[in-house]
$ cat coords-v5.txt   # compact mmCIF, C-alpha atoms
# COMPACT_ATOMS: atom_id res chain seq x y z
CA MET A 1 -27.73 -4.44 -10.60
CA ASP A 2 -27.83 -5.02 -14.36
CA THR A 3 -24.91 -4.39 -16.69
CA ARG A 4 -23.90 -5.96 -19.97
CA VAL A 5 -21.70 -8.34 -17.95
CA THR A 6 -24.53 -9.62 -15.74
CA LYS A 7 -26.53 -10.29 -18.91
CA LEU A 8 -23.58 -11.91 -20.68
CA LEU A 9 -22.92 -14.29 -17.80
CA GLY A 10 -26.46 -14.70 -16.51
CA ILE A 11 -25.60 -13.53 -12.99
CA GLU A 12 -27.27 -11.32 -10.41
CA TYR A 13 -24.34 -9.15 -9.32
CA PRO A 14 -21.44 -7.94 -11.52
CA ILE A 15 -18.79 -9.46 -9.27
CA ILE A 16 -16.40 -12.08 -10.60
CA GLN A 17 -14.07 -14.10 -8.42
CA GLY A 18 -10.49 -14.22 -9.70
CA GLY A 19 -9.15 -17.50 -11.07
CA MET A 20 -6.35 -17.79 -8.53
CA ALA A 21 -4.02 -20.78 -8.78
CA TRP A 22 -4.63 -23.38 -6.00
CA VAL A 23 -7.15 -21.06 -4.29
CA ALA A 24 -9.91 -20.91 -6.90
CA GLU A 25 -11.17 -24.50 -6.70
CA HIS A 26 -14.71 -25.85 -6.91
CA ASN A 27 -15.85 -24.97 -3.36
CA LEU A 28 -15.01 -21.29 -3.70
CA ALA A 29 -16.26 -20.98 -7.28
CA ALA A 30 -19.59 -22.62 -6.43
CA ALA A 31 -20.02 -20.46 -3.31
CA VAL A 32 -19.47 -17.24 -5.27
CA SER A 33 -21.89 -18.35 -7.99
CA ASN A 34 -24.49 -19.45 -5.43
CA ALA A 35 -24.23 -15.97 -3.89
CA GLY A 36 -25.12 -14.34 -7.22
CA GLY A 37 -21.62 -13.53 -8.42
CA PHE A 38 -19.54 -15.42 -10.96
CA GLY A 39 -17.19 -18.07 -9.61
CA LEU A 40 -14.10 -19.22 -11.47
CA ILE A 41 -12.05 -22.39 -11.20
CA GLY A 42 -8.39 -21.53 -11.69
CA ALA A 43 -6.87 -24.16 -13.96
CA ALA A 44 -3.35 -22.75 -13.43
CA SER A 45 -0.89 -25.52 -14.40
CA ALA A 46 -3.18 -28.40 -13.43
CA PRO A 47 -3.56 -31.39 -15.78
CA ALA A 48 -6.74 -31.44 -17.86
CA GLU A 49 -8.38 -34.32 -15.97
CA VAL A 50 -8.00 -32.46 -12.68
CA VAL A 51 -9.78 -29.50 -14.24
CA ARG A 52 -12.52 -31.78 -15.56
CA ASP A 53 -13.00 -33.18 -12.08
CA GLU A 54 -13.15 -29.67 -10.59
CA ILE A 55 -15.80 -28.61 -13.11
CA ARG A 56 -17.93 -31.67 -12.30
CA LYS A 57 -17.60 -31.10 -8.56
CA ALA A 58 -18.60 -27.46 -8.93
CA LYS A 59 -21.67 -28.55 -10.91
CA GLU A 60 -22.70 -30.75 -7.98
CA LEU A 61 -22.56 -27.73 -5.68
CA THR A 62 -24.30 -25.15 -7.85
CA ASP A 63 -26.73 -24.90 -10.71
CA LYS A 64 -25.69 -21.28 -11.28
CA PRO A 65 -23.26 -20.30 -14.05
CA PHE A 66 -19.53 -20.41 -13.35
CA GLY A 67 -16.35 -20.41 -15.42
CA VAL A 68 -12.75 -21.52 -15.68
CA ASN A 69 -9.62 -19.39 -15.81
CA ILE A 70 -7.03 -20.87 -18.14
CA MET A 71 -3.40 -19.96 -17.73
CA LEU A 72 -2.12 -20.04 -21.30
CA LEU A 73 1.50 -20.72 -20.35
CA SER A 74 0.44 -24.00 -18.73
CA PRO A 75 1.98 -27.06 -20.41
CA HIS A 76 -1.57 -28.49 -20.36
CA ALA A 77 -3.29 -25.44 -21.89
CA ASP A 78 -4.32 -27.22 -25.13
CA GLU A 79 -5.95 -30.14 -23.29
CA VAL A 80 -7.56 -27.92 -20.69
CA ALA A 81 -9.02 -25.77 -23.46
CA ARG A 82 -10.58 -28.89 -24.95
CA VAL A 83 -11.85 -30.28 -21.64
CA VAL A 84 -13.55 -27.00 -20.85
CA ALA A 85 -15.32 -27.13 -24.22
CA GLU A 86 -16.37 -30.75 -23.60
CA GLU A 87 -17.66 -30.19 -20.07
CA GLY A 88 -19.33 -26.90 -20.89
CA VAL A 89 -19.03 -23.89 -18.61
CA LYS A 90 -20.55 -20.45 -19.02
CA ALA A 91 -17.32 -18.57 -19.66
CA VAL A 92 -13.58 -18.85 -19.85
CA THR A 93 -11.17 -16.19 -18.72
CA THR A 94 -7.60 -16.43 -19.91
CA GLY A 95 -4.33 -15.17 -18.51
CA ALA A 96 -0.66 -15.00 -19.46
CA GLY A 97 -1.05 -14.66 -23.20
CA ASN A 98 -3.28 -14.56 -26.19
CA PRO A 99 -6.18 -17.07 -26.48
CA GLU A 100 -6.86 -16.50 -30.20
CA LYS A 101 -6.21 -20.07 -31.24
CA TYR A 102 -8.92 -21.42 -28.91
CA MET A 103 -11.51 -18.81 -29.76
CA GLU A 104 -13.35 -20.91 -32.36
CA LEU A 105 -13.38 -24.06 -30.20
CA TRP A 106 -14.96 -22.21 -27.29
CA LYS A 107 -17.37 -20.18 -29.38
CA ASN A 108 -18.64 -23.38 -30.99
CA ALA A 109 -19.22 -24.81 -27.52
CA GLY A 110 -21.25 -21.73 -26.61
CA ILE A 111 -18.67 -20.52 -24.10
CA LYS A 112 -18.11 -16.80 -23.57
CA VAL A 113 -14.48 -15.76 -23.85
CA ILE A 114 -13.07 -13.11 -21.54
CA PRO A 115 -9.31 -12.55 -21.80
CA VAL A 116 -7.43 -10.77 -19.04
CA VAL A 117 -5.49 -7.92 -20.63
CA ALA A 118 -2.81 -5.57 -19.34
CA SER A 119 -2.76 -3.08 -22.23
CA VAL A 120 -5.06 -1.19 -24.57
CA ALA A 121 -3.59 -2.78 -27.71
CA LEU A 122 -4.19 -6.28 -26.39
CA ALA A 123 -7.75 -5.36 -25.43
CA ARG A 124 -8.41 -4.06 -28.96
CA ARG A 125 -6.88 -7.15 -30.44
CA MET A 126 -9.03 -9.46 -28.29
CA GLU A 127 -12.14 -7.57 -29.34
CA ARG A 128 -11.14 -7.87 -33.00
CA TYR A 129 -10.68 -11.63 -32.62
CA GLY A 130 -14.06 -12.21 -31.01
CA ALA A 131 -13.75 -11.77 -27.23
CA ASP A 132 -17.08 -11.18 -25.43
CA ALA A 133 -15.55 -8.93 -22.75
CA VAL A 134 -12.12 -8.20 -21.31
CA VAL A 135 -10.76 -8.05 -17.79
CA ALA A 136 -8.51 -4.98 -17.48
CA GLU A 137 -6.19 -5.95 -14.66
CA GLY A 138 -3.98 -3.40 -12.93
CA MET A 139 -0.73 -4.10 -11.10
CA GLU A 140 -2.45 -3.79 -7.72
CA SER A 141 -3.44 -7.43 -8.21
CA GLY A 142 -1.84 -10.35 -6.46
CA GLY A 143 0.16 -12.96 -8.37
CA HIS A 144 1.54 -12.25 -11.83
CA ILE A 145 1.11 -8.60 -12.69
CA GLY A 146 1.44 -6.09 -15.51
CA SER A 147 2.82 -2.60 -15.19
CA GLN A 148 -0.21 -0.29 -15.33
CA THR A 149 -2.56 0.56 -12.50
CA THR A 150 -6.28 -0.17 -12.43
CA MET A 151 -6.98 3.57 -12.14
CA THR A 152 -5.20 4.30 -15.43
CA LEU A 153 -5.82 1.11 -17.40
CA VAL A 154 -9.58 0.68 -16.97
CA PRO A 155 -10.74 4.01 -18.48
CA GLN A 156 -8.29 3.71 -21.37
CA VAL A 157 -9.46 0.19 -22.19
CA ALA A 158 -13.10 1.26 -21.77
CA ASP A 159 -12.54 4.00 -24.34
CA ALA A 160 -10.74 1.69 -26.77
CA VAL A 161 -13.24 -1.18 -27.03
CA ASP A 162 -17.00 -1.55 -27.40
CA ILE A 163 -17.23 -4.86 -25.53
CA PRO A 164 -17.75 -4.64 -21.75
CA VAL A 165 -14.77 -4.13 -19.48
CA ILE A 166 -14.30 -5.85 -16.13
CA ALA A 167 -11.98 -4.04 -13.72
CA ALA A 168 -9.51 -6.02 -11.62
CA GLY A 169 -6.71 -5.19 -9.26
CA GLY A 170 -7.07 -3.34 -5.98
CA ILE A 171 -10.82 -3.74 -5.57
CA GLY A 172 -11.98 -5.10 -2.22
CA ASP A 173 -15.12 -3.29 -1.10
CA GLY A 174 -18.09 -1.24 -2.28
CA ARG A 175 -15.99 1.89 -2.68
CA GLY A 176 -13.61 0.11 -5.03
CA PHE A 177 -16.58 -1.37 -6.88
CA ALA A 178 -18.23 2.05 -7.30
CA ALA A 179 -14.94 3.62 -8.41
CA ALA A 180 -14.50 0.91 -11.04
CA MET A 181 -17.98 1.66 -12.40
CA MET A 182 -17.04 5.33 -12.58
CA LEU A 183 -13.94 4.41 -14.59
CA GLY A 184 -16.10 2.69 -17.19
CA ALA A 185 -16.15 -0.91 -15.99
CA GLU A 186 -19.35 -2.98 -16.02
CA ALA A 187 -18.18 -5.52 -13.47
CA VAL A 188 -15.29 -6.11 -11.12
CA GLN A 189 -13.08 -9.11 -10.54
CA MET A 190 -11.82 -9.65 -7.01
CA GLY A 191 -9.33 -12.19 -5.75
CA THR A 192 -7.81 -11.21 -2.43
CA ARG A 193 -11.11 -10.61 -0.61
CA PHE A 194 -12.37 -14.07 -1.61
CA VAL A 195 -9.13 -15.74 -0.44
CA VAL A 196 -10.35 -15.31 3.14
CA ALA A 197 -13.97 -16.36 2.47
CA SER A 198 -15.33 -19.05 4.78
CA GLU A 199 -15.80 -21.33 1.79
CA SER A 200 -12.20 -20.83 0.63
CA ILE A 201 -10.07 -23.93 1.28
CA VAL A 202 -6.78 -22.06 1.77
CA HIS A 203 -4.87 -22.88 4.93
CA GLY A 204 -5.82 -20.91 8.06
CA ASN A 205 -2.30 -19.45 8.28
CA TYR A 206 -2.69 -17.96 4.81
CA LYS A 207 -6.05 -16.41 5.64
CA GLU A 208 -4.66 -15.00 8.87
CA ARG A 209 -1.66 -13.52 7.03
CA VAL A 210 -3.97 -11.76 4.54
CA ILE A 211 -6.28 -10.50 7.29
CA LYS A 212 -3.34 -9.15 9.31
CA ALA A 213 -1.59 -7.60 6.31
CA LYS A 214 -0.92 -3.87 6.37
CA ASP A 215 -0.90 -1.58 3.35
CA ILE A 216 2.89 -1.70 3.04
CA ASP A 217 3.21 -5.48 3.33
CA SER A 218 2.79 -5.95 -0.41
CA GLU A 219 5.97 -6.81 -2.27
CA VAL A 220 6.83 -7.40 -5.93
CA THR A 221 9.48 -9.99 -6.76
CA GLY A 222 10.84 -10.98 -10.14
CA MET A 223 10.84 -7.54 -11.73
CA SER A 224 14.30 -8.31 -13.17
CA THR A 225 13.17 -11.57 -14.78
CA GLY A 226 10.32 -9.91 -16.64
CA HIS A 227 7.79 -11.98 -14.69
CA PRO A 228 6.89 -9.85 -11.68
CA VAL A 229 4.78 -11.46 -8.94
CA ARG A 230 3.00 -9.65 -6.12
CA SER A 231 2.78 -11.30 -2.74
CA LEU A 232 2.91 -10.47 0.96
CA ARG A 233 6.42 -9.97 2.24
CA ASN A 234 8.01 -12.70 4.33
CA LYS A 235 11.28 -14.59 4.59
CA MET A 236 10.87 -15.91 1.05
CA THR A 237 10.38 -12.47 -0.57
CA ARG A 238 13.32 -11.03 1.38
CA GLU A 239 15.61 -13.85 0.23
CA TYR A 240 14.31 -13.55 -3.30
CA ILE A 241 14.97 -9.83 -3.48
CA LYS A 242 18.44 -10.25 -1.99
CA LEU A 243 19.24 -12.88 -4.62
CA GLU A 244 17.71 -10.75 -7.33
CA GLN A 245 19.84 -7.77 -6.36
CA SER A 246 22.96 -9.92 -6.36
CA GLY A 247 22.26 -10.81 -9.98
CA ALA A 248 21.12 -14.41 -9.52
CA SER A 249 20.08 -16.32 -12.63
CA PHE A 250 16.47 -16.87 -13.61
CA GLU A 251 16.89 -20.57 -12.78
CA GLU A 252 18.14 -19.88 -9.26
CA LEU A 253 15.25 -17.53 -8.62
CA GLU A 254 12.73 -19.98 -10.05
CA TYR A 255 14.09 -22.71 -7.80
CA LEU A 256 13.41 -20.57 -4.74
CA THR A 257 9.74 -20.26 -5.65
CA LEU A 258 9.18 -23.78 -6.94
CA GLY A 259 6.01 -25.10 -5.33
CA SER A 260 6.03 -22.17 -2.92
CA LEU A 261 2.49 -21.00 -3.66
CA ARG A 262 1.18 -24.52 -3.11
CA ASN A 263 3.12 -24.77 0.16
CA ALA A 264 1.56 -21.54 1.39
CA VAL A 265 -2.01 -22.31 0.27
CA MET A 266 -2.19 -25.99 1.15
CA GLU A 267 0.38 -26.48 3.95
CA GLY A 268 0.13 -23.03 5.51
CA ASP A 269 3.83 -22.25 5.14
CA VAL A 270 3.56 -18.48 5.18
CA VAL A 271 7.26 -18.05 6.07
CA ASN A 272 9.00 -19.76 3.14
CA GLY A 273 5.96 -20.02 0.89
CA THR A 274 4.57 -17.42 -1.52
CA VAL A 275 1.56 -15.69 0.01
CA MET A 276 0.09 -14.20 -3.14
CA ALA A 277 -2.32 -11.34 -2.46
CA GLY A 278 -3.11 -7.97 -3.96
CA GLN A 279 -2.31 -4.55 -2.54
CA ILE A 280 -5.84 -4.41 -1.17
CA ALA A 281 -4.96 -7.12 1.40
CA GLY A 282 -4.58 -4.36 3.99
CA LEU A 283 -8.28 -3.56 3.61
CA VAL A 284 -9.43 -7.16 4.07
CA LYS A 285 -10.19 -7.48 7.76
CA LYS A 286 -12.34 -10.52 8.35
CA GLU A 287 -13.47 -13.90 7.17
CA GLN A 288 -17.06 -13.89 5.87
CA THR A 289 -19.12 -16.11 3.63
CA CYS A 290 -19.09 -15.25 -0.06
CA ARG A 291 -22.72 -14.22 0.22
CA GLU A 292 -21.98 -11.82 3.08
CA MET A 293 -19.10 -10.30 1.12
CA ILE A 294 -21.04 -9.85 -2.09
CA GLU A 295 -24.14 -8.44 -0.41
CA GLU A 296 -22.06 -6.05 1.67
CA ILE A 297 -20.14 -4.80 -1.37
CA MET A 298 -23.30 -4.33 -3.41
CA HIS A 299 -25.01 -2.49 -0.57
CA GLU A 300 -22.05 -0.12 -0.09
CA ALA A 301 -21.78 0.46 -3.83
CA GLU A 302 -25.48 1.09 -4.35
CA VAL A 303 -25.45 3.78 -1.67
CA LEU A 304 -22.43 5.42 -3.31
CA LEU A 305 -23.82 5.15 -6.81
CA LYS A 306 -27.25 6.18 -5.55
CA ILE A 307 -29.15 3.44 -7.27
CA GLN A 308 -32.03 1.45 -5.83
CA MET B 1 7.39 0.20 -47.74
CA PHE B 2 10.57 0.23 -45.65
CA GLU B 3 10.20 3.98 -44.99
CA LYS B 4 6.61 3.65 -43.88
CA MET B 5 7.51 0.63 -41.78
CA LYS B 6 10.23 2.61 -40.03
CA ASP B 7 7.71 5.34 -39.21
CA ILE B 8 5.29 2.85 -37.68
CA ILE B 9 7.98 1.07 -35.67
CA ALA B 10 9.52 4.32 -34.44
CA GLU B 11 6.15 5.59 -33.31
CA GLN B 12 4.93 2.38 -31.68
CA LEU B 13 8.16 1.44 -29.93
CA ASN B 14 9.40 4.96 -29.20
CA CYS B 15 12.76 4.54 -30.87
CA GLU B 16 14.80 6.61 -33.34
CA LYS B 17 13.83 6.03 -36.93
CA GLU B 18 17.44 6.35 -38.12
CA THR B 19 18.53 3.38 -36.04
CA ILE B 20 16.10 0.97 -37.71
CA THR B 21 17.52 -1.34 -40.36
CA LEU B 22 16.13 -4.40 -42.13
CA GLU B 23 18.00 -6.57 -39.65
CA THR B 24 16.71 -4.79 -36.54
CA ASN B 25 15.35 -7.35 -34.10
CA PHE B 26 12.40 -6.03 -32.09
CA LYS B 27 13.22 -7.91 -28.94
CA ASP B 28 17.03 -7.91 -28.93
CA ASP B 29 17.72 -4.50 -30.48
CA LEU B 30 14.71 -2.47 -29.39
CA GLY B 31 13.94 -4.20 -26.09
CA ALA B 32 10.34 -4.85 -27.07
CA ASP B 33 8.32 -7.13 -24.79
CA SER B 34 5.17 -9.03 -25.70
CA LEU B 35 2.91 -6.05 -24.99
CA ASP B 36 5.06 -3.85 -27.26
CA LEU B 37 4.78 -6.41 -30.03
CA PHE B 38 0.99 -6.41 -29.75
CA GLU B 39 1.12 -2.63 -29.99
CA LEU B 40 3.13 -2.92 -33.19
CA VAL B 41 1.07 -5.68 -34.74
CA MET B 42 -2.20 -3.84 -34.06
CA ALA B 43 -0.78 -0.76 -35.77
CA LEU B 44 0.29 -2.91 -38.75
CA GLU B 45 -3.15 -4.56 -38.98
CA ASP B 46 -4.78 -1.12 -38.96
CA GLU B 47 -2.36 0.39 -41.47
CA TYR B 48 -2.36 -2.45 -44.01
CA SER B 49 -5.84 -3.87 -43.42
CA VAL B 50 -4.48 -7.38 -42.88
CA GLU B 51 -5.00 -9.98 -40.18
CA ILE B 52 -1.90 -11.24 -38.44
CA PRO B 53 -2.93 -14.28 -36.38
CA SER B 54 -1.04 -14.95 -33.19
CA GLU B 55 0.56 -18.16 -34.45
CA ASP B 56 2.44 -16.06 -37.01
CA LEU B 57 3.69 -13.57 -34.44
CA GLU B 58 6.57 -15.61 -33.12
CA ASN B 59 8.25 -15.64 -36.53
CA LEU B 60 8.00 -11.90 -36.95
CA THR B 61 11.15 -11.05 -35.05
CA THR B 62 12.86 -8.60 -37.41
CA VAL B 63 11.86 -5.73 -39.68
CA LYS B 64 12.70 -7.81 -42.73
CA ALA B 65 10.58 -10.73 -41.49
CA VAL B 66 7.59 -8.42 -41.12
CA MET B 67 8.08 -6.91 -44.56
CA ASP B 68 8.35 -10.33 -46.22
CA TYR B 69 5.27 -11.47 -44.32
CA LEU B 70 3.24 -8.47 -45.45
CA LYS B 71 4.40 -8.90 -49.06
CA ASN B 72 3.21 -12.51 -48.92
CA LYS B 73 -0.16 -11.20 -47.82
CA GLY B 74 -0.28 -9.03 -50.94
CA VAL B 75 0.79 -5.74 -49.37
CA GLU B 76 2.75 -3.76 -51.96
CA GLU B 77 3.71 -0.54 -50.30

$ encode --input "coords-v5.txt" --output "structure tokens"
Amino acid sequence: MDTRVTKLLGIEYPIIQGGMAWVAEHNLAAAVSNAGGFGLIGAASAPAEVVRDEIRKAKELTDKPFGVNIMLLSPHADEVARVVAEEGVKAVTTGAGNPEKYMELWKNAGIKVIPVVASVALARRMERYGADAVVAEGMESGGHIGSQTTMTLVPQVADAVDIPVIAAGGIGDGRGFAAAMMLGAEAVQMGTRFVVASESIVHGNYKERVIKAKDIDSEVTGMSTGHPVRSLRNKMTREYIKLEQSGASFEELEYLTLGSLRNAVMEGDVVNGTVMAGQIAGLVKKEQTCREMIEEIMHEAEVLLKIQ
Amino acid sequence: MFEKMKDIIAEQLNCEKETITLETNFKDDLGADSLDLFELVMALEDEYSVEIPSEDLENLTTVKAVMDYLKNKGVEE
């Protein structure tokens, strides 16, 4: 299936894997790219040399294009931005802010720039400052979220900009993919479905928690701090919300979640850890390879969109 | 310029025009978050045909700061 995004990124299928902290490392990114999608390494708050190492390892596993997601609030963002330009990847997606100041550096290195946006104004601004595409991410997503839904945000962003729009948040199968195309997107970004991929290195407990999740298991914490995070409810989210309701300080709340995503992903602590996942977790029912997932989604979508 | 500025701010941030003074702070007085500020700055770029790079945004906290900034960029009204 050809769209402006498949051409921009040199990929077969317009499916991008989200740049999830701790989860989106070189094995997963390479597997998604090898399957014809676009894999991302999530730089999150990792030091620049760790990101460099991840890029090099991914290159050993695939000769297909892949990218890096840079979390702009990271204390290492400046160095990571430079390392990415030095190592050379096909594209960079950015989250948690405005990547304007790196635009020239990446453009000069021939890297496509795709900011994740949560509003129309930000999408217009990114287009004005040279972005090649934008990811319009609704609050159905896992992890840090905005306040608009994919259903409402994607068509508004698609109307406001001329560059291609990638829909994210709440997409987990061919129906979601087809719906996103109907809303004006030219690709989708998925995170939660890929969390349980065979190639994903997340702890078995985490995968099992996502696979067993029901529709109503999704919880948002941190609304009061202005930094809402979506995850699957457990002991940690219940304690967090209790503290939040009792008016705990930002510091107290932060302390509760310190290292908690890492503990869930790497150690399998799904009780006290943060099991980040999107609202679509309830739809994710089994572990499959990235190739099986992507081919299944494309097949379902092509039937729905009636294309050959 | 102040009048026009008040119109833009009132429209973008959904607040009452009469409450806006030179000292009004977008964040503290009007409860604007970062997405609101992008809304405002995009409207200002459109209205005055200027570019306001992101590194300048953090200094533009009050109405007066924005007006001084625009004047420095050669905006007269």

$ closest_residue --input "coords-v5.txt" --among "B:Glu51, B:Glu58, B:Glu3, B:Asp68" --to "B:Ser34" --atoms "all atoms listed in the file"
B:Glu58

$ atom_distance --input "coords-v5.txt" --atom1 "atom CA of A:Lys286" --atom2 "atom CA of A:Glu208"
8.9 Å

$ interface_residues --input "coords-v5.txt" --of "chain B" --to "chain A" --cutoff "8 Å" --atoms "only C-alpha atoms" --output "list in words"
Leu35, Phe38, Glu39, Met42, Pro53, Ser54 and Glu55 of chain B

$ atom_distance --input "coords-v5.txt" --atom1 "atom CA of A:Gly143" --atom2 "atom CA of A:Ser74"
15.1 Å

$ atom_distance --input "coords-v5.txt" --atom1 "atom CA of A:Lys235" --atom2 "atom CA of A:Val195"
21.1 Å

$ residues_around --input "coords-v5.txt" --residues "stretch 22-26 of chain A" --least-positions-apart "4" --cutoff "7 Å" --atoms "only C-alpha atoms" --output "tab-separated table (two decimals) with C-alpha atoms, in the frame of the given file"
chain	number	residue	atom	x	y	z
A	30	ALA	CA	-19.59	-22.62	-6.43
A	40	LEU	CA	-14.10	-19.22	-11.47
A	41	ILE	CA	-12.05	-22.39	-11.20
A	42	GLY	CA	-8.39	-21.53	-11.69
A	54	GLU	CA	-13.15	-29.67	-10.59
A	55	ILE	CA	-15.80	-28.61	-13.11
A	57	LYS	CA	-17.60	-31.10	-8.56
A	58	ALA	CA	-18.60	-27.46	-8.93
A	195	VAL	CA	-9.13	-15.74	-0.44
A	201	ILE	CA	-10.07	-23.93	1.28
A	202	VAL	CA	-6.78	-22.06	1.77
A	262	ARG	CA	1.18	-24.52	-3.11
A	265	VAL	CA	-2.01	-22.31	0.27

$ closest_residue --input "coords-v5.txt" --among "B:Val66, B:Asn59, B:Tyr48, B:Ala43" --to "B:Glu23" --atoms "only C-alpha atoms"
B:Val66

$ closest_residue --input "coords-v5.txt" --among "A:Met223, A:Ile11, A:Val210, A:Ala48" --to "A:Phe250" --atoms "all atoms listed in the file"
A:Met223

$ residues_around --input "coords-v5.txt" --residues "B:Ala10" --least-positions-apart "4" --cutoff "12 Å" --atoms "all atoms listed in the file" --output "short mmCIF file (atom, residue, chain, number, x, y, z; two decimals) with C-alpha atoms, in the coordinates of the input"
data_model
loop_
_atom_site.label_atom_id
_atom_site.label_comp_id
_atom_site.auth_asym_id
_atom_site.auth_seq_id
_atom_site.Cartn_x
_atom_site.Cartn_y
_atom_site.Cartn_z
CA PHE B 2 10.57 0.23 -45.65
CA GLU B 3 10.20 3.98 -44.99
CA LYS B 4 6.61 3.65 -43.88
CA MET B 5 7.51 0.63 -41.78
CA LYS B 6 10.23 2.61 -40.03
CA ASN B 14 9.40 4.96 -29.20
CA CYS B 15 12.76 4.54 -30.87
CA GLU B 16 14.80 6.61 -33.34
CA LYS B 17 13.83 6.03 -36.93
CA GLU B 18 17.44 6.35 -38.12
CA THR B 19 18.53 3.38 -36.04
CA ILE B 20 16.10 0.97 -37.71
CA THR B 21 17.52 -1.34 -40.36
CA THR B 24 16.71 -4.79 -36.54
CA PHE B 26 12.40 -6.03 -32.09
CA LEU B 30 14.71 -2.47 -29.39
CA ALA B 32 10.34 -4.85 -27.07
CA ASP B 36 5.06 -3.85 -27.26
CA GLU B 39 1.12 -2.63 -29.99
CA LEU B 40 3.13 -2.92 -33.19
CA ALA B 43 -0.78 -0.76 -35.77
CA VAL B 63 11.86 -5.73 -39.68
#

$ build_atoms --input "coords-v5.txt" --residues "stretch 58-76 of chain B" --atoms "N, CA and C atoms" --output "tab-separated table (two decimals), in the frame of the given file"
chain	number	residue	atom	x	y	z
B	58	GLU	N	5.25	-15.25	-33.63
B	58	GLU	CA	6.57	-15.61	-33.12
B	58	GLU	C	7.66	-15.62	-34.19
B	59	ASN	N	7.25	-15.69	-35.46
B	59	ASN	CA	8.25	-15.64	-36.53
B	59	ASN	C	8.61	-14.21	-36.93
B	60	LEU	N	7.80	-13.27	-36.52
B	60	LEU	CA	8.00	-11.90	-36.95
B	60	LEU	C	8.94	-11.17	-35.98
B	61	THR	N	10.21	-11.57	-36.04
B	61	THR	CA	11.15	-11.05	-35.05
B	61	THR	C	11.92	-9.82	-35.54
B	62	THR	N	12.07	-9.71	-36.87
B	62	THR	CA	12.86	-8.60	-37.41
B	62	THR	C	12.03	-7.78	-38.39
B	63	VAL	N	12.54	-6.61	-38.73
B	63	VAL	CA	11.86	-5.73	-39.68
B	63	VAL	C	11.69	-6.45	-41.02
B	64	LYS	N	12.76	-7.11	-41.45
B	64	LYS	CA	12.70	-7.81	-42.73
B	64	LYS	C	11.63	-8.91	-42.70
B	65	ALA	N	11.57	-9.65	-41.60
B	65	ALA	CA	10.58	-10.73	-41.49
B	65	ALA	C	9.17	-10.17	-41.63
B	66	VAL	N	8.93	-9.02	-41.03
B	66	VAL	CA	7.59	-8.42	-41.12
B	66	VAL	C	7.30	-7.98	-42.55
B	67	MET	N	8.31	-7.38	-43.19
B	67	MET	CA	8.08	-6.91	-44.56
B	67	MET	C	7.80	-8.07	-45.51
B	68	ASP	N	8.58	-9.16	-45.37
B	68	ASP	CA	8.35	-10.33	-46.22
B	68	ASP	C	6.96	-10.90	-45.97
B	69	TYR	N	6.58	-10.93	-44.71
B	69	TYR	CA	5.27	-11.47	-44.32
B	69	TYR	C	4.15	-10.66	-44.97
B	70	LEU	N	4.28	-9.34	-44.88
B	70	LEU	CA	3.24	-8.47	-45.45
B	70	LEU	C	3.19	-8.60	-46.97
B	71	LYS	N	4.36	-8.73	-47.59
B	71	LYS	CA	4.40	-8.90	-49.06
B	71	LYS	C	3.67	-10.19	-49.45
B	72	ASN	N	3.90	-11.24	-48.67
B	72	ASN	CA	3.21	-12.51	-48.92
B	72	ASN	C	1.70	-12.38	-48.81
B	73	LYS	N	1.28	-11.43	-48.01
B	73	LYS	CA	-0.16	-11.20	-47.82
B	73	LYS	C	-0.70	-10.24	-48.89
B	74	GLY	N	0.17	-9.87	-49.83
B	74	GLY	CA	-0.28	-9.03	-50.94
B	74	GLY	C	-0.12	-7.53	-50.70
B	75	VAL	N	0.55	-7.16	-49.61
B	75	VAL	CA	0.79	-5.74	-49.37
B	75	VAL	C	1.92	-5.28	-50.28
B	76	GLU	N	1.71	-4.18	-51.01
B	76	GLU	CA	2.75	-3.76	-51.96
B	76	GLU	C	3.55	-2.57	-51.49
